[in-house]
$ cat run.csv   # CSV, C-alpha atoms
chain,number,residue,atom,x,y,z
A,1,MET,CA,-5.7,-85.6,-5.1
A,2,SER,CA,-6.2,-82.6,-3.0
A,3,PHE,CA,-4.2,-80.5,-5.4
A,4,GLU,CA,-6.6,-81.6,-8.2
A,5,SER,CA,-9.7,-80.5,-6.3
A,6,GLN,CA,-8.0,-77.3,-5.2
A,7,ARG,CA,-7.1,-76.7,-8.8
A,8,SER,CA,-10.7,-76.9,-10.1
A,9,GLU,CA,-11.9,-74.6,-7.3
A,10,ILE,CA,-9.1,-72.1,-8.1
A,11,ILE,CA,-10.0,-72.2,-11.8
A,12,ASN,CA,-13.7,-71.6,-11.0
A,13,ARG,CA,-13.0,-68.7,-8.7
A,14,ALA,CA,-10.6,-67.2,-11.3
A,15,LYS,CA,-13.1,-67.5,-14.1
A,16,ASN,CA,-15.8,-65.8,-12.1
A,17,LEU,CA,-13.4,-63.0,-11.1
A,18,LEU,CA,-12.5,-62.4,-14.8
A,19,ALA,CA,-16.1,-62.7,-16.0
A,20,GLU,CA,-17.3,-60.2,-13.3
A,21,GLY,CA,-14.5,-57.9,-14.3
A,22,THR,CA,-13.4,-57.7,-10.6
A,23,VAL,CA,-9.8,-58.2,-11.8
A,24,LYS,CA,-8.0,-57.7,-15.1
A,25,ALA,CA,-5.7,-60.7,-14.7
A,26,VAL,CA,-5.1,-63.7,-12.5
A,27,LEU,CA,-1.6,-64.4,-11.4
A,28,ALA,CA,-1.0,-68.1,-10.9
A,29,PHE,CA,1.2,-70.9,-12.3
A,30,ALA,CA,1.4,-72.5,-15.8
A,31,ALA,CA,3.5,-75.4,-17.0
A,32,GLY,CA,7.0,-74.4,-17.9
A,33,GLU,CA,8.9,-75.5,-21.0
A,34,VAL,CA,10.9,-77.9,-18.9
A,35,GLU,CA,8.8,-80.8,-17.8
A,36,GLY,CA,7.9,-80.6,-14.1
A,37,ASN,CA,8.5,-76.9,-13.9
A,38,ALA,CA,5.8,-74.4,-12.9
A,39,ILE,CA,6.3,-70.9,-14.1
A,40,PRO,CA,4.4,-67.7,-13.0
A,41,ARG,CA,1.8,-66.4,-15.5
A,42,PHE,CA,-0.8,-63.7,-15.7
A,43,PHE,CA,-4.0,-65.3,-17.0
A,44,ARG,CA,-6.3,-62.8,-18.8
A,45,THR,CA,-9.0,-65.0,-20.4
A,46,ALA,CA,-11.3,-67.8,-19.2
A,47,GLU,CA,-9.9,-70.2,-21.9
A,48,SER,CA,-6.3,-69.7,-20.9
A,49,LEU,CA,-7.2,-70.7,-17.3
A,50,GLU,CA,-7.4,-74.3,-18.5
A,51,ASN,CA,-3.6,-74.1,-18.6
A,52,LEU,CA,-3.4,-73.2,-14.9
A,53,LYS,CA,-1.0,-75.5,-13.1
A,54,TRP,CA,-1.4,-76.3,-9.4
A,55,ASP,CA,0.6,-79.1,-8.0
A,56,GLU,CA,3.6,-79.8,-5.7
A,57,THR,CA,6.0,-78.1,-8.2
A,58,CYS,CA,4.4,-74.6,-7.7
A,59,THR,CA,7.2,-73.4,-5.5
A,60,SER,CA,7.8,-69.8,-6.6
A,61,ASN,CA,6.8,-66.8,-4.5
A,62,LEU,CA,4.3,-65.0,-6.7
A,63,ALA,CA,4.0,-61.9,-4.6
A,64,LYS,CA,7.2,-60.5,-6.2
A,65,TYR,CA,5.2,-59.9,-9.4
A,66,LEU,CA,2.7,-57.6,-7.7
A,67,THR,CA,4.9,-54.6,-7.0
A,68,GLU,CA,5.1,-53.4,-10.6
A,69,LYS,CA,1.4,-53.9,-11.4
A,70,LYS,CA,-0.9,-50.9,-11.8
A,71,GLU,CA,-4.1,-52.8,-12.7
A,72,LYS,CA,-6.2,-54.9,-10.3
A,73,VAL,CA,-5.1,-58.5,-10.3
A,74,ALA,CA,-6.0,-61.6,-8.4
A,75,ILE,CA,-3.1,-63.7,-7.1
A,76,LEU,CA,-3.0,-67.3,-6.1
A,77,ALA,CA,-1.3,-67.2,-2.7
A,78,LYS,CA,0.3,-70.0,-0.7
A,79,PRO,CA,0.9,-69.1,2.9
A,80,CYS,CA,4.4,-67.8,2.1
A,81,ASP,CA,3.1,-65.7,-0.8
A,82,ALA,CA,0.3,-64.3,1.4
A,83,ARG,CA,2.9,-63.4,4.1
A,84,ALA,CA,4.9,-61.6,1.5
A,85,ILE,CA,1.8,-59.7,0.4
A,86,ALA,CA,1.1,-58.8,4.0
A,87,MET,CA,4.6,-57.4,4.3
A,88,TYR,CA,4.1,-55.4,1.0
A,89,LEU,CA,1.0,-53.9,2.6
A,90,VAL,CA,2.9,-53.2,5.8
A,91,GLU,CA,5.7,-51.5,3.8
A,92,LYS,CA,3.2,-49.7,1.6
A,93,GLN,CA,4.4,-51.3,-1.7
A,94,ILE,CA,1.0,-52.3,-3.0
A,95,ASP,CA,-2.5,-51.1,-2.6
A,96,ARG,CA,-4.9,-53.6,-0.9
A,97,ASN,CA,-7.7,-52.5,-3.2
A,98,ASN,CA,-5.7,-53.5,-6.2
A,99,VAL,CA,-5.1,-57.1,-5.1
A,100,TYR,CA,-7.6,-59.9,-4.8
A,101,ILE,CA,-6.0,-62.8,-2.8
A,102,ILE,CA,-7.1,-66.3,-3.6
A,103,GLY,CA,-5.5,-68.0,-0.6
A,104,ALA,CA,-4.6,-71.7,-1.0
A,105,GLU,CA,-3.9,-73.9,2.0
A,106,CYS,CA,-0.6,-75.6,1.4
A,107,ALA,CA,0.8,-78.8,2.8
A,108,GLY,CA,4.3,-78.1,1.3
A,109,MET,CA,5.9,-78.2,-2.1
A,110,THR,CA,8.4,-80.6,-3.5
A,111,GLY,CA,11.8,-79.8,-5.0
A,112,LYS,CA,13.2,-81.4,-8.1
A,113,ASP,CA,14.9,-84.1,-6.0
A,114,GLY,CA,11.5,-85.2,-4.7
A,115,MET,CA,12.3,-83.9,-1.2
A,116,PRO,CA,10.4,-81.0,0.4
A,117,ALA,CA,11.4,-77.7,-1.2
A,118,PRO,CA,13.7,-75.4,0.8
A,119,GLY,CA,11.4,-73.6,3.3
A,120,CYS,CA,8.7,-76.2,3.2
A,121,SER,CA,10.2,-78.8,5.5
A,122,GLU,CA,10.3,-76.3,8.3
A,123,CYS,CA,7.1,-74.4,7.4
A,124,LYS,CA,4.6,-74.2,10.2
A,125,VAL,CA,2.1,-72.0,8.4
A,126,LYS,CA,-0.5,-74.0,6.5
A,127,THR,CA,-3.2,-71.4,6.1
A,128,PRO,CA,-2.5,-68.0,4.5
A,129,PRO,CA,-2.7,-65.3,7.1
A,130,ILE,CA,-4.6,-63.0,4.7
A,131,TYR,CA,-7.0,-63.8,1.8
A,132,ASP,CA,-10.2,-62.7,0.2
A,133,VAL,CA,-11.2,-66.3,-0.5
A,134,LEU,CA,-9.7,-69.5,0.9
A,135,VAL,CA,-9.2,-72.7,-1.0
A,136,LYS,CA,-8.8,-75.5,1.6
A,137,ASN,CA,-6.5,-78.4,1.5
A,138,THR,CA,-7.1,-81.4,3.7
A,139,ASP,CA,-3.5,-82.7,3.7
A,140,ALA,CA,-1.4,-82.4,6.9
A,141,ALA,CA,1.4,-79.8,6.7
A,142,MET,CA,5.0,-81.0,6.3
A,143,GLY,CA,6.6,-78.7,8.9
A,144,ASN,CA,8.6,-80.8,11.3
A,145,VAL,CA,12.3,-79.9,10.7
A,146,ASP,CA,13.9,-77.3,13.0
A,147,LEU,CA,16.4,-75.4,10.8
A,148,ALA,CA,17.9,-73.5,13.6
A,149,ALA,CA,18.5,-76.6,15.7
A,150,ALA,CA,20.1,-78.6,12.9
A,151,GLU,CA,23.9,-78.4,12.8
A,152,LYS,CA,24.1,-75.8,15.5
A,153,ALA,CA,27.7,-74.5,15.7
A,154,GLU,CA,29.2,-74.6,19.2
A,155,ASN,CA,31.6,-71.7,19.0
A,156,LEU,CA,32.7,-68.8,16.9
A,157,GLU,CA,35.3,-70.8,15.1
A,158,GLN,CA,32.7,-73.4,13.9
A,159,SER,CA,30.3,-70.7,13.0
A,160,LEU,CA,32.9,-68.9,10.9
A,161,GLU,CA,33.9,-72.2,9.2
A,162,ARG,CA,30.2,-73.0,8.4
A,163,PHE,CA,29.6,-69.5,7.0
A,164,GLN,CA,32.8,-69.5,5.0
A,165,ASN,CA,32.1,-73.0,3.6
A,166,GLU,CA,28.8,-71.7,2.3
A,167,MET,CA,30.4,-68.5,1.0
A,168,LYS,CA,33.0,-70.5,-1.0
A,169,LYS,CA,30.2,-71.8,-3.2
A,170,CYS,CA,28.7,-68.3,-3.8
A,171,ILE,CA,29.5,-66.7,-7.2
A,172,LEU,CA,27.9,-63.3,-6.3
A,173,CYS,CA,25.3,-63.6,-9.1
A,174,TYR,CA,22.7,-62.0,-6.9
A,175,THR,CA,20.0,-64.4,-7.9
A,176,CYS,CA,18.9,-64.9,-4.3
A,177,ARG,CA,18.3,-61.1,-4.2
A,178,GLN,CA,16.4,-61.2,-7.4
A,179,ALA,CA,14.2,-64.0,-6.2
A,180,CYS,CA,13.6,-62.6,-2.8
A,181,TYR,CA,10.2,-60.9,-2.2
A,182,GLY,CA,11.9,-58.5,0.3
A,183,CYS,CA,14.6,-57.2,-2.1
A,184,TYR,CA,12.6,-54.7,-4.1
A,185,CYS,CA,14.9,-51.7,-3.8
A,186,LYS,CA,15.4,-50.0,-7.2
A,187,THR,CA,19.1,-49.8,-6.5
A,188,CYS,CA,20.6,-52.4,-4.2
A,189,PHE,CA,23.4,-51.3,-1.9
A,190,VAL,CA,25.8,-53.7,-3.6
A,191,ASP,CA,25.1,-52.0,-7.0
A,192,ARG,CA,26.1,-48.6,-5.7
A,193,ASN,CA,29.7,-47.5,-6.2
A,194,ILE,CA,29.8,-44.5,-4.0
A,195,PRO,CA,30.9,-46.0,-1.6
A,196,ASP,CA,31.9,-49.1,-3.4
A,197,TRP,CA,30.5,-51.8,-1.1
A,198,ILE,CA,31.3,-54.7,-3.2
A,199,PRO,CA,34.3,-54.5,-5.6
A,200,ALA,CA,33.7,-55.9,-9.1
A,201,ASP,CA,35.5,-59.2,-8.4
A,202,ILE,CA,34.7,-62.3,-6.4
A,203,ASP,CA,36.3,-62.2,-3.1
A,204,MET,CA,35.5,-63.8,0.2
A,205,GLY,CA,35.1,-60.4,1.9
A,206,SER,CA,32.7,-59.2,-0.8
A,207,LYS,CA,30.6,-62.3,-0.5
A,208,MET,CA,30.5,-62.1,3.3
A,209,THR,CA,29.6,-58.4,3.1
A,210,PHE,CA,26.8,-59.1,0.6
A,211,HIS,CA,25.2,-61.9,2.6
A,212,LEU,CA,25.5,-60.2,6.0
A,213,GLY,CA,24.1,-57.0,4.5
A,214,ARG,CA,21.2,-58.8,2.9
A,215,ALA,CA,20.5,-60.7,6.1
A,216,MET,CA,20.3,-57.4,8.1
A,217,HIS,CA,18.1,-55.9,5.5
A,218,LEU,CA,15.7,-58.8,5.9
A,219,ALA,CA,15.8,-58.6,9.7
A,220,GLY,CA,12.2,-59.2,10.9
A,221,ARG,CA,11.0,-59.2,7.3
A,222,CYS,CA,11.8,-62.7,6.0
A,223,VAL,CA,8.7,-64.8,5.4
A,224,GLU,CA,10.7,-68.0,5.0
A,225,CYS,CA,9.5,-68.8,1.5
A,226,GLY,CA,12.9,-70.4,0.6
A,227,ALA,CA,13.0,-68.6,-2.8
A,228,CYS,CA,16.7,-67.6,-2.2
A,229,GLU,CA,17.9,-71.2,-1.8
A,230,ARG,CA,15.7,-72.5,-4.6
A,231,ALA,CA,17.0,-69.9,-7.0
A,232,CYS,CA,20.7,-70.4,-6.1
A,233,PRO,CA,22.6,-72.0,-8.9
A,234,SER,CA,25.5,-73.0,-6.6
A,235,GLY,CA,23.5,-74.5,-3.8
A,236,VAL,CA,24.4,-72.0,-1.1
A,237,LYS,CA,22.4,-72.8,2.0
A,238,ILE,CA,22.0,-69.2,3.2
A,239,ARG,CA,18.6,-69.4,5.0
A,240,TYR,CA,20.1,-70.4,8.4
A,241,LEU,CA,21.7,-67.0,8.7
A,242,ILE,CA,18.5,-65.1,8.2
A,243,LYS,CA,16.5,-67.7,10.2
A,244,GLU,CA,18.6,-66.9,13.2
A,245,ILE,CA,17.4,-63.2,13.2
A,246,THR,CA,13.9,-64.2,12.3
A,247,ASP,CA,13.8,-66.5,15.3
A,248,MET,CA,15.3,-63.7,17.5
A,249,CYS,CA,12.6,-61.3,16.4
A,250,GLU,CA,10.0,-63.7,17.5
A,251,GLU,CA,11.7,-64.5,20.7
A,252,LEU,CA,12.6,-61.0,21.8
A,253,TYR,CA,9.9,-58.8,20.1
A,254,GLY,CA,7.1,-61.4,19.5
A,255,TYR,CA,7.1,-60.5,15.9
A,256,ASN,CA,6.4,-62.9,13.0
A,257,ALA,CA,6.8,-61.2,9.6
A,258,GLY,CA,3.7,-61.2,7.4
A,259,MET,CA,1.3,-62.7,9.8
A,260,ASN,CA,-0.6,-59.5,10.4
A,261,PRO,CA,-0.7,-56.7,7.9
A,262,ASP,CA,-1.6,-54.1,10.6
A,263,GLU,CA,1.3,-54.8,12.8
A,264,THR,CA,4.4,-52.6,12.9
A,265,PRO,CA,7.6,-54.5,11.9
A,266,ALA,CA,10.0,-55.4,14.7
A,267,ILE,CA,12.7,-53.0,13.7
A,268,ALA,CA,10.4,-50.1,12.9
A,269,ALA,CA,9.2,-50.1,16.6
A,270,TYR,CA,10.8,-50.1,20.0
A,271,HIS,CA,9.8,-50.8,23.6
A,272,MET,CA,11.4,-49.1,26.6
A,273,GLY,CA,12.0,-52.5,28.1
A,274,ASP,CA,13.9,-53.9,25.2
A,275,ARG,CA,17.0,-55.8,26.3
A,276,GLU,CA,20.5,-54.4,25.8
A,277,VAL,CA,22.6,-57.5,25.9
A,278,GLY,CA,26.2,-57.0,24.9
A,279,PHE,CA,26.0,-53.2,24.6
A,280,LEU,CA,28.5,-50.8,26.1
A,281,GLY,CA,26.8,-49.9,29.3
A,282,GLY,CA,24.3,-52.7,28.7
A,283,GLU,CA,22.9,-55.0,31.3
A,284,ASP,CA,25.6,-57.7,31.0
A,285,SER,CA,28.5,-55.4,30.4
A,286,GLU,CA,31.3,-54.7,32.8
A,287,SER,CA,32.0,-51.5,31.1
A,288,CYS,CA,33.6,-48.4,32.7
A,289,CYS,CA,30.5,-46.5,31.7
A,290,ASP,CA,28.1,-48.5,33.9
A,291,SER,CA,28.2,-46.0,36.7
A,292,LYS,CA,27.2,-43.2,34.3
A,293,LYS,CA,24.5,-45.3,32.6
A,294,GLN,CA,21.5,-43.2,31.6
A,295,GLY,CA,18.0,-44.0,32.6
B,1,MET,CA,15.8,-46.8,20.5
B,2,TYR,CA,15.2,-48.2,17.0
B,3,ALA,CA,18.9,-48.7,16.8
B,4,ARG,CA,18.9,-50.8,20.0
B,5,ARG,CA,16.8,-53.5,18.3
B,6,ARG,CA,18.9,-53.3,15.2
B,7,PHE,CA,22.2,-53.7,17.0
B,8,THR,CA,20.8,-56.5,19.1
B,9,LEU,CA,19.9,-58.4,15.9
B,10,LEU,CA,23.2,-57.4,14.2
B,11,LYS,CA,25.2,-58.8,17.1
B,12,ARG,CA,23.3,-62.1,16.9
B,13,LEU,CA,23.9,-62.2,13.2
B,14,LEU,CA,27.6,-61.7,13.6
B,15,VAL,CA,27.7,-64.6,16.2
B,16,THR,CA,25.9,-66.8,13.7
B,17,ALA,CA,28.4,-65.9,11.0
B,18,GLY,CA,31.3,-66.5,13.3
B,19,ILE,CA,32.5,-63.0,13.8
B,20,ASP,CA,33.3,-61.7,17.3
B,21,PRO,CA,30.4,-59.4,18.2
B,22,ASP,CA,32.8,-57.4,20.4
B,23,ARG,CA,34.1,-55.9,17.1
B,24,ILE,CA,31.2,-53.6,17.0
B,25,HIS,CA,30.0,-51.3,19.8
B,26,PHE,CA,27.0,-49.2,20.3
B,27,THR,CA,26.0,-46.8,23.0
B,28,TRP,CA,24.3,-43.5,23.6
B,29,VAL,CA,26.4,-40.4,24.3
B,30,SER,CA,24.9,-36.9,24.6
B,31,ALA,CA,26.5,-33.9,23.0
B,32,SER,CA,27.2,-32.5,26.5
B,33,GLU,CA,29.0,-35.6,27.7
B,34,GLY,CA,32.5,-34.9,26.4
B,35,SER,CA,34.3,-37.0,29.0
B,36,ARG,CA,32.0,-39.9,28.6
B,37,PHE,CA,32.5,-39.8,24.8
B,38,ALA,CA,36.3,-39.9,25.4
B,39,SER,CA,36.1,-42.9,27.7
B,40,VAL,CA,33.8,-44.8,25.4
B,41,VAL,CA,36.2,-44.2,22.5
B,42,GLU,CA,39.1,-45.3,24.6
B,43,GLU,CA,37.3,-48.4,25.7
B,44,VAL,CA,36.2,-49.4,22.2
B,45,THR,CA,39.7,-48.9,20.8
B,46,GLU,CA,41.3,-50.9,23.6
B,47,LYS,CA,38.8,-53.8,23.1
B,48,VAL,CA,39.2,-53.9,19.3
B,49,LYS,CA,43.1,-53.7,19.6
B,50,LYS,CA,43.0,-56.7,22.0
B,51,LEU,CA,40.9,-58.7,19.5
B,52,GLY,CA,43.5,-58.0,16.7
B,53,PRO,CA,42.9,-58.7,13.0
B,54,ASN,CA,40.0,-61.0,12.3
B,55,ARG,CA,40.4,-64.6,11.1
B,56,ILE,CA,38.6,-64.4,7.9
B,57,THR,CA,40.4,-66.3,5.1
B,58,GLY,CA,40.3,-65.9,1.4
B,59,THR,CA,40.3,-62.1,1.2
B,60,ARG,CA,42.7,-60.1,-0.9
B,61,THR,CA,44.0,-58.1,1.9
$ encode --input "run.csv" --output "structure tokens"
Amino acid sequence: MSFESQRSEIINRAKNLLAEGTVKAVLAFAAGEVEGNAIPRFFRTAESLENLKWDETCTSNLAKYLTEKKEKVAILAKPCDARAIAMYLVEKQIDRNNVYIIGAECAGMTGKDGMPAPGCSECKVKTPPIYDVLVKNTDAAMGNVDLAAAEKAENLEQSLERFQNEMKKCILCYTCRQACYGCYCKTCFVDRNIPDWIPADIDMGSKMTFHLGRAMHLAGRCVECGACERACPSGVKIRYLIKEITDMCEELYGYNAGMNPDETPAIAAYHMGDREVGFLGGEDSESCCDSKKQG
Amino acid sequence: MYARRRFTLLKRLLVTAGIDPDRIHFTWVSASEGSRFASVVEEVTEKVKKLGPNRITGTRT
């Protein structure tokens, strides 16, 4: 119902943008070859826009397609896409003048099993943080699950068991990296062979190195779109690992990725009063260096 | 100072993954603080030795 009315508004906006020549193409969804699948597509003519698809299957994060574009395009942005766009602006990956954002309020998308898609069940952002025009949705947002609280491990043993159980499923195909908006490096650290971070076979150590490394590279940058878990062919539930740091960035540094394109990311800034828990010479340490602690 | 935030987050990540955060250490030592450098190195070595090999299973080595 609300998707239908949003869809016609999106198509009208898109048609006008193409007719006025404001943009060369509109990036949105079309029906995929498999029934019930929505695939990203650049629409270039008013007629083709009739094929625009906007329903609960439009889960992909479209922002990823913007980084290689040289021409001005409009993008249909859910809150998570808009947060990714905001992060691209923060990290100077795209030019704001080259993007026209059609923000769409989103009540959450549905996975193939009919359940909320990964990311949607915990999502608390219903309205895109940045947009040029907003298409409203009257439905209430889904977000009521607390991913961090669910299955909280009590000690290091349990944490390691949980992590290794997920890692057993991983086949190191790097699809999560390909799907992630934040992984746009031309050469990923795992593809480098000097030094050889990840040997060319599937080993628990390699898998752990990859996922821990990726989690650190996403520290304070994850926009919680859930693309990694949706893309995973083996069903690895990896988001909890990154979610932990995302939550910590909010808790310690008051930073939420992609909510404000003018804000400096949490790990590209510092404050003299930042805590030093667990450091040598840190505030909770019984280190021999305490007496020589520098001011 | 940037590193402080990174290491704070890294330590939390290691706890979440079930790896003892005491396996990594971070502190500031000036080039003129030779004795402090030595004591830091000794302390780190001692702590890591005490922890022993990690309990990660399924690796080749």
$ interface_residues --input "run.csv" --of "chain A" --to "chain B" --cutoff "6 Å" --atoms "only C-alpha atoms" --output "CSV table (one decimal) with C-alpha atoms, keeping the file's coordinate frame"
chain,number,residue,atom,x,y,z
A,156,LEU,CA,32.7,-68.8,16.9
A,159,SER,CA,30.3,-70.7,13.0
A,160,LEU,CA,32.9,-68.9,10.9
A,163,PHE,CA,29.6,-69.5,7.0
A,203,ASP,CA,36.3,-62.2,-3.1
A,204,MET,CA,35.5,-63.8,0.2
A,205,GLY,CA,35.1,-60.4,1.9
A,270,TYR,CA,10.8,-50.1,20.0
A,279,PHE,CA,26.0,-53.2,24.6
A,280,LEU,CA,28.5,-50.8,26.1
$ residues_near_point --input "run.csv" --point "(1.7, -77.0, -17.7)" --cutoff "7 Å" --atoms "all atoms listed in the file" --output "number ranges by chain"
A: 30-32, 38, 51-53
$ residues_around --input "run.csv" --residues "Ala77 in chain A" --least-positions-apart "4" --cutoff "10 Å" --atoms "all atoms listed in the file" --output "JSON, numbers by chain"
{"A": [27, 28, 61, 62, 63, 81, 82, 83, 84, 85, 100, 101, 102, 103, 104, 105, 106, 127, 128, 130, 131, 134, 135]}
$ atom_distance --input "run.csv" --atom1 "CA of Ala200 in chain A" --atom2 "CA of Ile171 in chain A"
11.7 Å
$ atom_distance --input "run.csv" --atom1 "CA of Ser2 in chain A" --atom2 "CA of Ala117 in chain A"
18.4 Å
$ atom_distance --input "run.csv" --atom1 "CA of Pro118 in chain A" --atom2 "CA of Lys78 in chain A"
14.5 Å
$ residues_around --input "run.csv" --residues "range 232-234 of chain A" --least-positions-apart "6" --cutoff "8 Å" --atoms "only C-alpha atoms" --output "list in words"
Lys169, Cys170, Ile171, Thr175 and Cys176 of chain A
$ write_last_selection --input "run.csv" --atoms "C-alpha atoms" --output "compact mmCIF listing (two decimals), in the coordinates of the input"
# COMPACT_ATOMS: atom_id res chain seq x y z
CA LYS A 169 30.20 -71.80 -3.20
CA CYS A 170 28.70 -68.30 -3.80
CA ILE A 171 29.50 -66.70 -7.20
CA THR A 175 20.00 -64.40 -7.90
CA CYS A 176 18.90 -64.90 -4.30
$ residues_near_point --input "run.csv" --point "(-3.0, -53.3, -0.9)" --cutoff "12 Å" --atoms "all atoms listed in the file" --output "ChimeraX atom specification"
/A:63,66-67,69-74,82,84-101,130-132,261-262
$ residues_around --input "run.csv" --residues "range 247-251 of chain A" --least-positions-apart "6" --cutoff "8 Å" --atoms "only C-alpha atoms" --output "ChimeraX atom specification"
/A:219-220,266 /B:9
$ write_last_selection --input "run.csv" --atoms "C-alpha atoms" --output "PDB file, in the frame of the given file"
ATOM      1  CA  ALA A 219      15.800 -58.600   9.700  1.00  0.00           C
ATOM      2  CA  GLY A 220      12.200 -59.200  10.900  1.00  0.00           C
ATOM      3  CA  ALA A 266      10.000 -55.400  14.700  1.00  0.00           C
TER       4      ALA A 266
ATOM      5  CA  LEU B   9      19.900 -58.400  15.900  1.00  0.00           C
TER       6      LEU B   9
END
